[in-house]
$ cat structure.txt   # compact mmCIF, C-alpha atoms
# COMPACT_ATOMS: atom_id res chain seq x y z
CA MET A 1 3.77 177.22 132.99
CA VAL A 2 6.96 178.12 134.77
CA PRO A 3 8.37 181.62 134.07
CA HIS A 4 11.58 181.90 132.08
CA GLY A 5 13.61 182.88 135.11
CA VAL A 6 14.19 180.43 137.96
CA ILE A 7 15.35 180.79 141.52
CA ILE A 8 19.16 180.75 141.81
CA LEU A 9 20.68 179.41 144.99
CA SER A 10 24.29 179.91 146.00
CA LEU A 11 24.50 176.73 148.14
CA LEU A 12 28.07 177.55 149.08
CA SER A 13 28.54 174.57 151.38
CA PHE A 14 27.26 172.21 148.71
CA ALA A 15 29.51 173.74 146.05
CA SER A 16 32.44 173.48 148.46
CA SER A 17 31.75 169.77 148.99
CA LEU A 18 31.61 169.26 145.26
CA ARG A 19 34.99 170.95 144.77
CA ILE A 20 36.60 168.90 147.55
CA LYS A 21 35.45 165.65 145.96
CA GLU A 22 36.77 166.83 142.59
CA PHE A 23 40.32 166.85 143.97
CA THR A 24 39.99 163.29 145.23
CA MET A 25 38.32 161.79 142.18
CA ARG A 26 40.07 158.93 140.45
CA ARG A 27 40.47 158.93 136.67
CA SER A 28 38.25 161.94 136.19
CA LEU A 29 40.38 163.29 133.39
CA SER A 30 39.63 160.23 131.25
CA VAL A 31 35.92 160.94 131.62
CA ALA A 32 36.47 164.61 130.82
CA ALA A 33 38.35 163.64 127.67
CA LEU A 34 35.46 161.38 126.73
CA LEU A 35 32.92 164.16 127.17
CA SER A 36 35.05 166.65 125.27
CA ASN A 37 34.54 164.33 122.32
CA PHE A 38 30.77 164.12 122.82
CA TYR A 39 30.25 165.46 119.32
CA LEU A 40 33.33 164.01 117.64
CA CYS A 41 32.34 160.45 118.56
CA VAL A 42 29.02 160.74 116.73
CA ARG A 43 29.84 162.95 113.74
CA ASP A 44 27.52 160.95 111.52
CA VAL A 45 24.52 162.10 113.55
CA ALA A 46 23.64 165.77 113.08
CA ALA A 47 22.64 167.79 116.14
CA SER A 48 18.93 168.53 116.42
CA PRO A 49 18.43 171.97 118.03
CA SER A 50 15.48 172.53 120.37
CA GLU A 51 13.15 175.56 120.41
CA GLY A 52 15.37 177.17 123.05
CA CYS A 53 18.39 177.51 120.75
CA GLY A 54 19.19 181.13 120.05
CA LYS A 55 17.40 182.46 123.12
CA PRO A 56 19.48 184.46 125.63
CA GLY A 57 19.61 181.50 127.99
CA TYR A 58 21.81 181.42 131.07
CA ASN A 59 25.41 182.26 131.81
CA PRO A 60 26.90 179.00 133.16
CA THR A 61 29.61 180.89 135.04
CA VAL A 62 26.89 182.69 137.06
CA ASP A 63 23.91 180.33 136.93
CA HIS A 64 25.90 177.09 137.20
CA TYR A 65 23.52 175.51 139.74
CA ARG A 66 19.82 176.27 139.82
CA LYS A 67 17.12 174.77 142.01
CA ASP A 68 13.39 175.36 141.82
CA HIS A 69 9.95 173.85 142.31
CA TRP A 70 8.00 173.19 139.13
CA GLU A 71 4.50 171.73 139.02
CA GLY A 72 4.74 170.96 142.73
CA ARG A 73 8.01 169.04 142.48
CA GLU A 74 11.63 169.85 143.15
CA MET A 75 14.01 170.08 140.22
CA SER A 76 17.67 171.06 139.96
CA MET A 77 19.70 171.81 136.85
CA ILE A 78 23.46 172.15 136.45
CA MET A 79 24.83 173.81 133.33
CA PRO A 80 28.16 172.72 131.82
CA ARG A 81 30.97 175.25 131.52
CA ARG A 82 30.86 175.03 127.72
CA TYR A 83 27.15 175.71 127.39
CA HIS A 84 26.33 178.22 124.66
CA PRO A 85 22.77 179.37 123.82
CA LYS A 86 23.38 178.70 120.12
CA LYS A 87 25.10 175.31 120.44
CA PRO A 88 22.78 172.29 120.88
CA THR A 89 23.78 170.61 124.15
CA PRO A 90 23.17 167.02 125.35
CA LEU A 91 20.80 166.65 128.29
CA VAL A 92 20.99 163.96 130.99
CA LEU A 93 17.84 163.60 133.11
CA VAL A 94 18.68 162.04 136.49
CA LEU A 95 16.06 160.28 138.63
CA PRO A 96 16.93 159.75 142.33
CA ASP A 97 15.82 156.85 144.51
CA ARG A 98 13.25 156.93 147.28
CA ASP A 99 14.35 159.25 150.13
CA GLN A 100 17.25 160.59 148.05
CA THR A 101 17.78 164.27 147.29
CA ALA A 102 19.33 165.82 144.21
CA GLU A 103 22.30 166.87 146.31
CA ASP A 104 22.79 163.26 147.44
CA ILE A 105 23.02 161.89 143.92
CA ILE A 106 25.07 164.83 142.60
CA LEU A 107 27.76 164.15 145.21
CA GLU A 108 27.58 160.36 144.89
CA THR A 109 27.86 160.22 141.10
CA MET A 110 29.89 163.40 140.41
CA MET A 111 28.29 163.44 136.96
CA SER A 112 27.82 167.23 137.13
CA SER A 113 31.35 168.06 138.20
CA PRO A 114 33.15 170.31 135.68
CA VAL A 115 36.15 168.00 136.02
CA VAL A 116 34.04 165.10 134.73
CA ASN A 117 31.40 166.74 132.58
CA ASP A 118 31.79 170.06 130.81
CA GLN A 119 29.52 169.23 127.86
CA ALA A 120 26.12 167.95 129.02
CA ILE A 121 23.36 169.60 131.05
CA THR A 122 22.33 167.49 134.04
CA LEU A 123 18.71 167.82 135.15
CA TYR A 124 17.67 166.27 138.47
CA ALA A 125 13.94 165.64 138.84
CA GLY A 126 12.05 164.38 141.87
CA PRO A 127 8.61 163.07 142.82
CA PHE A 128 6.04 165.04 144.79
CA GLU A 129 7.43 166.22 148.13
CA GLY A 130 7.36 163.38 150.62
CA GLY A 131 6.14 161.03 147.91
CA HIS A 132 7.44 158.28 145.71
CA TRP A 133 7.77 157.64 142.01
CA SER A 134 4.87 155.69 140.56
CA SER A 135 7.43 152.98 139.77
CA ASP A 136 7.87 152.44 143.53
CA ALA A 137 5.53 149.48 144.05
CA THR A 138 6.54 149.09 147.71
CA GLY A 139 6.44 152.78 148.58
CA ASN A 140 2.66 153.09 148.89
CA SER A 141 2.63 155.55 146.00
CA LYS A 142 -0.84 156.95 145.39
CA VAL A 143 0.24 158.78 142.24
CA ASP A 144 -1.48 157.64 139.06
CA HIS A 145 1.10 155.77 137.06
CA ARG A 146 0.62 158.12 134.11
CA ALA A 147 1.31 161.22 136.21
CA ASP A 148 5.08 160.71 136.38
CA ILE A 149 5.26 159.97 132.64
CA GLN A 150 3.38 163.17 131.85
CA TYR A 151 5.47 165.18 134.31
CA ILE A 152 8.73 164.03 132.71
CA SER A 153 7.37 164.81 129.25
CA ASP A 154 6.30 168.32 130.34
CA LEU A 155 9.62 168.89 132.10
CA LEU A 156 11.58 167.99 128.97
CA ASP A 157 9.35 170.37 126.99
CA MET A 158 9.97 173.22 129.42
CA VAL A 159 13.75 172.75 129.56
CA SER A 160 13.99 172.39 125.76
CA ASP A 161 11.94 175.54 125.22
CA HIS A 162 14.24 177.66 127.40
CA ASN A 163 17.65 176.12 126.72
CA CYS A 164 19.55 175.01 123.62
CA ILE A 165 19.14 171.23 123.80
CA ASP A 166 20.31 168.67 121.28
CA THR A 167 17.07 166.69 120.98
CA SER A 168 18.94 163.73 119.48
CA ARG A 169 20.95 163.39 122.70
CA ILE A 170 18.43 163.40 125.55
CA TYR A 171 19.23 160.63 128.05
CA VAL A 172 17.83 159.23 131.31
CA ALA A 173 19.72 157.73 134.26
CA GLY A 174 18.14 156.55 137.51
CA ILE A 175 19.04 154.74 140.71
CA GLY A 176 16.74 152.41 142.65
CA THR A 177 13.13 153.44 142.09
CA GLY A 178 14.50 156.12 139.77
CA GLY A 179 15.95 153.28 137.72
CA GLY A 180 12.50 151.70 137.79
CA LEU A 181 11.02 154.92 136.43
CA ALA A 182 13.67 154.91 133.68
CA HIS A 183 12.25 151.51 132.69
CA LEU A 184 8.71 152.93 132.58
CA LEU A 185 9.87 155.85 130.41
CA ALA A 186 11.54 153.39 128.03
CA CYS A 187 8.23 151.49 127.93
CA ASP A 188 6.26 154.58 126.91
CA PRO A 189 5.44 154.66 123.17
CA VAL A 190 6.09 158.42 122.93
CA LEU A 191 9.03 159.05 125.28
CA SER A 192 10.88 155.97 124.00
CA ARG A 193 11.06 157.78 120.66
CA ARG A 194 12.31 160.96 122.33
CA ILE A 195 14.89 159.66 124.81
CA ALA A 196 17.96 158.23 123.11
CA ALA A 197 19.26 155.79 125.75
CA PHE A 198 18.68 154.69 129.35
CA VAL A 199 20.75 153.70 132.39
CA ALA A 200 19.62 152.15 135.69
CA VAL A 201 21.83 151.48 138.71
CA SER A 202 20.51 149.19 141.47
CA GLY A 203 17.23 149.29 139.59
CA ALA A 204 13.99 148.49 141.43
CA PHE A 205 11.99 146.47 138.89
CA TYR A 206 8.60 144.77 139.11
CA THR A 207 6.02 142.79 137.16
CA GLY A 208 2.26 143.06 137.61
CA GLU A 209 -1.06 141.78 136.29
CA ASP A 210 -3.20 144.61 137.70
CA LYS A 211 -4.10 146.90 134.79
CA SER A 212 -3.96 149.93 137.09
CA SER A 213 -0.31 149.19 137.89
CA ALA A 214 2.51 151.09 136.24
CA TRP A 215 4.17 147.72 135.65
CA HIS A 216 1.29 146.11 133.77
CA GLU A 217 2.56 146.67 130.25
CA CYS A 218 5.49 147.90 128.19
CA LYS A 219 4.75 149.46 124.80
CA ILE A 220 7.97 150.63 123.22
CA GLY A 221 7.72 153.12 120.36
CA ARG A 222 10.84 151.99 118.50
CA ARG A 223 13.27 149.10 118.50
CA PRO A 224 15.89 148.52 119.77
CA ILE A 225 15.92 150.57 122.98
CA PRO A 226 19.51 150.97 124.33
CA PHE A 227 19.49 150.16 128.07
CA MET A 228 22.32 149.61 130.56
CA GLU A 229 21.85 148.30 134.12
CA ILE A 230 24.40 147.92 136.96
CA HIS A 231 23.60 145.97 140.13
CA GLY A 232 25.51 144.67 143.14
CA ASN A 233 24.76 141.01 143.78
CA LEU A 234 24.59 141.69 147.55
CA ASP A 235 22.25 144.69 147.21
CA GLU A 236 20.11 144.74 150.36
CA LYS A 237 17.82 147.61 149.38
CA TRP A 238 16.80 146.31 145.94
CA PRO A 239 18.02 142.69 146.04
CA TYR A 240 19.51 141.05 142.98
CA TRP A 241 17.40 137.97 143.72
CA PRO A 242 14.32 139.44 145.46
CA THR A 243 11.88 137.43 147.52
CA LYS A 244 8.52 137.10 145.83
CA GLY A 245 5.46 138.51 147.54
CA ASP A 246 2.08 136.83 148.00
CA ALA A 247 1.63 134.47 145.05
CA ASP A 248 -2.12 135.11 145.01
CA THR A 249 -1.85 138.87 144.64
CA LYS A 250 -2.21 140.62 141.32
CA GLY A 251 -0.12 143.52 142.55
CA PRO A 252 3.41 144.22 141.32
CA GLN A 253 5.98 141.55 142.16
CA PRO A 254 9.71 142.31 142.53
CA GLN A 255 11.76 141.29 139.53
CA SER A 256 15.43 140.29 139.45
CA PRO A 257 17.79 142.17 137.09
CA ALA A 258 18.33 138.87 135.24
CA HIS A 259 14.59 138.50 134.60
CA TRP A 260 14.35 142.19 133.70
CA LEU A 261 17.21 141.83 131.21
CA ASN A 262 15.50 138.84 129.59
CA GLY A 263 12.37 140.94 129.15
CA TRP A 264 14.32 143.55 127.25
CA ARG A 265 15.95 140.82 125.16
CA ARG A 266 12.45 139.91 123.96
CA ARG A 267 11.33 143.51 123.41
CA ASN A 268 14.45 144.30 121.42
CA ASN A 269 13.85 141.25 119.23
CA CYS A 270 17.19 139.59 119.95
CA GLY A 271 15.70 136.12 119.59
CA GLU A 272 16.83 132.81 121.03
CA LYS A 273 20.30 131.21 120.98
CA THR A 274 21.12 129.50 117.68
CA GLY A 275 24.78 128.56 117.99
CA LYS A 276 27.21 127.02 120.45
CA PRO A 277 29.13 129.34 122.80
CA LYS A 278 32.70 130.13 121.77
CA ALA A 279 35.50 131.91 123.58
CA ALA A 280 36.05 135.57 122.82
CA HIS A 281 39.31 136.64 121.18
CA PHE A 282 40.38 138.96 124.01
CA SER A 283 39.68 136.55 126.90
CA ASN A 284 38.69 132.94 127.46
CA GLY A 285 36.72 134.25 130.43
CA THR A 286 34.09 135.58 127.99
CA ILE A 287 31.89 133.50 125.70
CA ILE A 288 30.04 134.65 122.58
CA THR A 289 26.78 133.08 121.40
CA GLU A 290 24.88 133.70 118.17
CA LEU A 291 21.19 134.65 118.45
CA GLU A 292 18.37 134.64 115.93
CA HIS A 293 18.71 138.39 115.44
CA GLY A 294 22.02 139.28 117.01
CA ARG A 295 24.77 138.19 119.36
CA LEU A 296 25.22 137.62 123.12
CA SER A 297 28.37 138.09 125.19
CA GLU A 298 28.79 136.76 128.76
CA GLY A 299 31.98 137.05 130.74
CA VAL A 300 33.93 137.99 133.85
CA GLU A 301 35.72 141.34 133.83
CA TYR A 302 37.19 144.03 136.12
CA ALA A 303 39.76 141.56 137.49
CA GLY A 304 36.96 139.16 138.42
CA GLY A 305 34.84 141.73 140.25
CA ALA A 306 32.03 141.92 137.69
CA VAL A 307 30.06 139.73 135.32
CA ARG A 308 29.30 141.48 132.03
CA VAL A 309 26.30 140.42 129.94
CA THR A 310 25.56 142.25 126.72
CA TYR A 311 23.33 141.88 123.68
CA SER A 312 23.83 143.30 120.21
CA CYS A 313 20.48 143.27 118.39
CA PRO A 314 20.47 146.04 115.76
CA ALA A 315 17.34 147.23 114.00
CA LYS A 316 18.60 146.23 110.54
CA LYS A 317 19.90 142.82 109.53
CA GLU A 318 22.79 144.35 107.58
CA ASP A 319 24.07 146.03 110.77
CA ARG A 320 24.50 142.79 112.71
CA VAL A 321 27.95 141.78 113.93
CA LYS A 322 29.58 139.13 111.73
CA ASP A 323 32.52 136.77 112.09
CA THR A 324 34.27 138.69 109.33
CA ASP A 325 34.28 141.91 111.40
CA ASP A 326 37.31 142.99 113.41
CA GLU A 327 37.85 141.19 116.71
CA PRO A 328 36.56 144.00 119.02
CA ARG A 329 33.26 143.98 117.10
CA GLN A 330 33.02 140.19 117.14
CA ASP A 331 33.60 140.20 120.91
CA LEU A 332 31.02 142.98 121.46
CA ARG A 333 33.62 145.41 122.82
CA ASN A 334 32.30 148.45 120.93
CA MET A 335 29.60 150.33 122.86
CA ALA A 336 27.90 151.52 119.66
CA ASP A 337 27.17 147.90 118.68
CA LEU A 338 25.43 147.12 121.96
CA THR A 339 21.71 147.10 122.59
CA LEU A 340 21.68 145.93 126.20
CA LEU A 341 24.48 145.96 128.78
CA HIS A 342 24.31 144.56 132.30
CA TYR A 343 26.96 144.40 135.04
CA SER A 344 26.53 142.17 138.09
CA LEU A 345 29.06 143.33 140.69
CA LYS A 346 30.48 140.66 142.97
CA GLU A 347 29.96 141.18 146.73
CA GLU A 348 28.73 144.75 146.21
CA ASN A 349 25.79 146.31 148.01
CA TYR A 350 23.43 149.12 147.01
CA GLY A 351 24.79 152.35 145.58
CA TRP A 352 26.29 154.10 142.58
CA PRO A 353 29.67 152.31 142.35
CA ARG A 354 32.85 154.28 141.70
CA LYS A 355 35.42 152.10 143.41
CA ASP A 356 37.79 149.13 143.19
CA LEU A 357 35.92 145.82 143.03
CA LYS A 358 37.09 142.61 144.69
CA LYS A 359 39.84 140.98 142.64
CA GLU A 360 40.00 137.29 141.77
CA GLU A 361 43.30 135.81 140.59
CA LYS A 362 41.59 132.79 139.05
CA ILE A 363 37.96 131.99 138.38
CA LYS A 364 36.05 129.12 136.80
CA VAL A 365 34.06 129.79 133.63
CA ASN A 366 32.35 126.83 131.93
CA ASP A 367 34.46 124.42 134.00
CA ARG A 368 37.67 126.14 132.87
CA GLU A 369 40.01 128.08 135.11
CA VAL A 370 40.70 131.51 133.64
CA THR A 371 42.46 134.72 134.65
CA PRO A 372 39.88 137.53 134.70
CA PRO A 373 40.92 140.46 132.49
CA GLY A 374 40.93 144.16 133.25
CA ASP A 375 41.57 146.50 136.14
CA ALA A 376 39.47 146.26 139.32
CA HIS A 377 38.41 149.91 139.26
CA PHE A 378 34.74 150.30 138.29
CA ASP A 379 33.22 153.72 137.58
CA ALA A 380 29.48 153.75 136.86
CA THR A 381 29.60 157.44 135.90
CA GLU A 382 32.26 156.85 133.25
CA LEU A 383 30.35 153.84 131.88
CA MET A 384 27.14 155.88 131.79
CA PHE A 385 28.71 158.63 129.69
CA ARG A 386 30.33 156.09 127.37
CA TRP A 387 26.93 154.47 126.89
CA PHE A 388 25.27 157.79 126.14
CA VAL A 389 28.00 158.95 123.74
CA ALA A 390 27.58 155.72 121.77
CA HIS A 391 23.78 155.96 121.50
CA PRO A 392 22.30 159.13 119.98
CA LEU A 393 18.70 158.96 118.85
CA PRO A 394 18.28 157.52 115.34
CA GLU A 395 17.20 159.79 112.50
CA ARG A 396 13.47 160.51 112.37
CA GLU A 397 12.99 158.40 109.24
CA GLU A 398 14.56 155.39 110.96
CA ILE A 399 12.38 155.85 114.06
CA VAL A 400 9.28 155.92 111.85
CA ARG A 401 10.44 152.76 110.09
CA GLN A 402 11.00 150.98 113.40
CA ALA A 403 7.59 152.08 114.70
CA LYS A 404 5.85 150.73 111.59
CA GLU A 405 7.69 147.45 111.95
CA LEU A 406 6.45 147.14 115.54
CA GLU A 407 2.87 147.91 114.54
CA ALA A 408 2.98 145.24 111.84
CA GLU A 409 3.88 142.47 114.31
CA PRO A 410 1.23 139.84 115.18
CA LYS A 411 -0.89 140.73 118.20
CA GLU A 412 0.22 137.65 120.16
CA GLN A 413 3.87 138.71 119.81
CA LYS A 414 3.06 142.19 121.16
CA VAL A 415 1.30 140.74 124.18
CA LYS A 416 4.27 138.46 124.92
CA ASP A 417 6.75 141.33 124.76
CA GLU A 418 4.64 143.55 127.03
CA LEU A 419 4.95 141.12 129.94

$ encode --input "structure.txt" --output "structure tokens"
Amino acid sequence: MVPHGVIILSLLSFASSLRIKEFTMRRSLSVAALLSNFYLCVRDVAASPSEGCGKPGYNPTVDHYRKDHWEGREMSMIMPRRYHPKKPTPLVLVLPDRDQTAEDIILETMMSSPVVNDQAITLYAGPFEGGHWSSDATGNSKVDHRADIQYISDLLDMVSDHNCIDTSRIYVAGIGTGGGLAHLLACDPVLSRRIAAFVAVSGAFYTGEDKSSAWHECKIGRRPIPFMEIHGNLDEKWPYWPTKGDADTKGPQPQSPAHWLNGWRRRNNCGEKTGKPKAAHFSNGTIITELEHGRLSEGVEYAGGAVRVTYSCPAKKEDRVKDTDDEPRQDLRNMADLTLLHYSLKEENYGWPRKDLKKEEKIKVNDREVTPPGDAHFDATELMFRWFVAHPLPEREEIVRQAKELEAEPKEQKVKDEL
């Protein structure tokens, strides 16, 4: 077990780079305002303090950035300026891609910058040195697919035991194969009840028949699981429409984000389409379709630079969106109503996007010419925090109810949803 103290590195050049990027960030203050309301936005959900609350903890003005090796792997943790050892604090676990360091993703996403985030702890975890996540089906990973799951579980235990963590607001975000690992964590029956919501950017997803593969099954521990994915449609590293491997192999096969999203539609029990598409109130570039157990929204946004697909499939029938609700709810504009959210970015390659997308003055949707709504600026970091703010973990009683509902389902339905 790791000792209470950890190695503290000054990393002056890295800190300097972080400060320089802070001055050039666009719309950072809006994200900061969002995070300052991390608690106000979810007043109806009480904070759940971890075992580390009340312990001396760390002084964020001195120990702002800490890097160490734990259980043979590199980890880095950045404390927010407002951290207090007696105040339960949200935790965001960040999973980098293959060949990506914590410093790389810190600078690319800016999610740990005090200008953007002064409320949540960001914890950057990595695979074994020189290795790959077990989710990396093309990286020749020799790690047992349960090893990464156990490591993440142990890491969350260690951090929660030594810091004041709000256990109802533990989140996971990953890029590339890190996004693939986020999927595997969401598919774990235990961690899916512990982690409140998930985000993948340029996610590397697979399917597989081999029982020894990490991608063989998905056994969620509650339902629904809130998941957001962002992907450039010209991604060359983890293609949006990947080429299938050998059809005769039982090994993992690459999976498109569209196929991956459909899998989570099944797991979250959204059901099939039951009604005819109708135009949203805010834009005729978005259509709304009723589902057996929820609602689907599909449309063009960000001035034509992104396609937004989202599902609202709540756990309880009485929480479903209705035509009598206000227009933002009907159009699935409220993050808290969403179960799944996917953005396909037009003519964008691999990466964590925080930029202006390509504008389109006019675009055809369902054979109609429409003017795409919104501004072209797309910020994955801002969207990630909005997603997390909107999705704290349900109360324990509700999680137990959802788990029992899953267990009561027919076996054939479970097998279908695991694929």

$ atom_distance --input "structure.txt" --atom1 "CA of Tyr124 in chain A" --atom2 "CA of His216 in chain A"
26.4 Å

$ residues_around --input "structure.txt" --residues "range 288-294 of chain A" --least-positions-apart "2" --cutoff "8 Å" --atoms "all atoms listed in the file" --output "PyMOL selection string"
chain A and resi 269-280+286+296-298+311-314+317+320-321+331

$ closest_residue --input "structure.txt" --among "A:Ala390, A:Leu234, A:Ala408, A:Ile152" --to "Lys346 in chain A" --atoms "all atoms listed in the file"
A:Leu234

$ closest_residue --input "structure.txt" --among "A:Gly305, A:Pro410, A:Gly72, A:Gly178" --to "Phe198 in chain A" --atoms "all atoms listed in the file"
A:Gly178

$ axis_aligned_box --input "structure.txt" --around "range 353-363 of chain A" --padding-each-side "6 Å" --output "lines of an AutoDock Vina configuration file"
center_x = 36.5
center_y = 143.1
center_z = 141.5
size_x = 25.6
size_y = 34.3
size_z = 18.3

$ residues_around --input "structure.txt" --residues "range 241-245 of chain A" --least-positions-apart "6" --cutoff "10 Å" --atoms "only C-alpha atoms" --output "PyMOL selection string"
chain A and resi 204-205+233-235+251-259

$ residues_around --input "structure.txt" --residues "range 359-368 of chain A" --least-positions-apart "5" --cutoff "7 Å" --atoms "all atoms listed in the file" --output "ChimeraX atom specification"
/A:285,303-305,376

$ closest_residue --input "structure.txt" --among "A:Lys86, A:Lys404, A:His162, A:His377" --to "Glu301 in chain A" --atoms "all atoms listed in the file"
A:His377

$ closest_residue --input "structure.txt" --among "A:Trp238, A:Trp264, A:Tyr206, A:Trp352" --to "Arg223 in chain A" --atoms "only C-alpha atoms"
A:Trp264

$ atom_distance --input "structure.txt" --atom1 "CA of Leu184 in chain A" --atom2 "CA of Lys211 in chain A"
14.3 Å

$ residues_around --input "structure.txt" --residues "Cys164 in chain A" --least-positions-apart "6" --cutoff "12 Å" --atoms "all atoms listed in the file" --output "list of chain:residue names"
A:Ala47, A:Ser48, A:Pro49, A:Ser50, A:Glu51, A:Gly52, A:Cys53, A:Gly54, A:Lys55, A:Pro56, A:Gly57, A:Tyr58, A:Met79, A:Tyr83, A:His84, A:Pro85, A:Lys86, A:Lys87, A:Pro88, A:Thr89, A:Pro90, A:Leu91, A:Ala120, A:Ile121, A:Leu156, A:Asp157, A:Met158, A:Ile170

$ closest_residue --input "structure.txt" --among "A:Ser168, A:Met335, A:Arg66, A:Val309" --to "Arg386 in chain A" --atoms "all atoms listed in the file"
A:Met335

$ closest_residue --input "structure.txt" --among "A:Glu318, A:Asp144, A:Asp337, A:Glu229" --to "Leu383 in chain A" --atoms "only C-alpha atoms"
A:Glu229

$ atom_distance --input "structure.txt" --atom1 "CA of Ile225 in chain A" --atom2 "CA of Arg267 in chain A"
8.4 Å

$ residues_around --input "structure.txt" --residues "Lys237 in chain A" --least-positions-apart "3" --cutoff "9 Å" --atoms "all atoms listed in the file" --output "list in words"
Gly176, Ser202, Ala204, Asn349 and Tyr350 of chain A
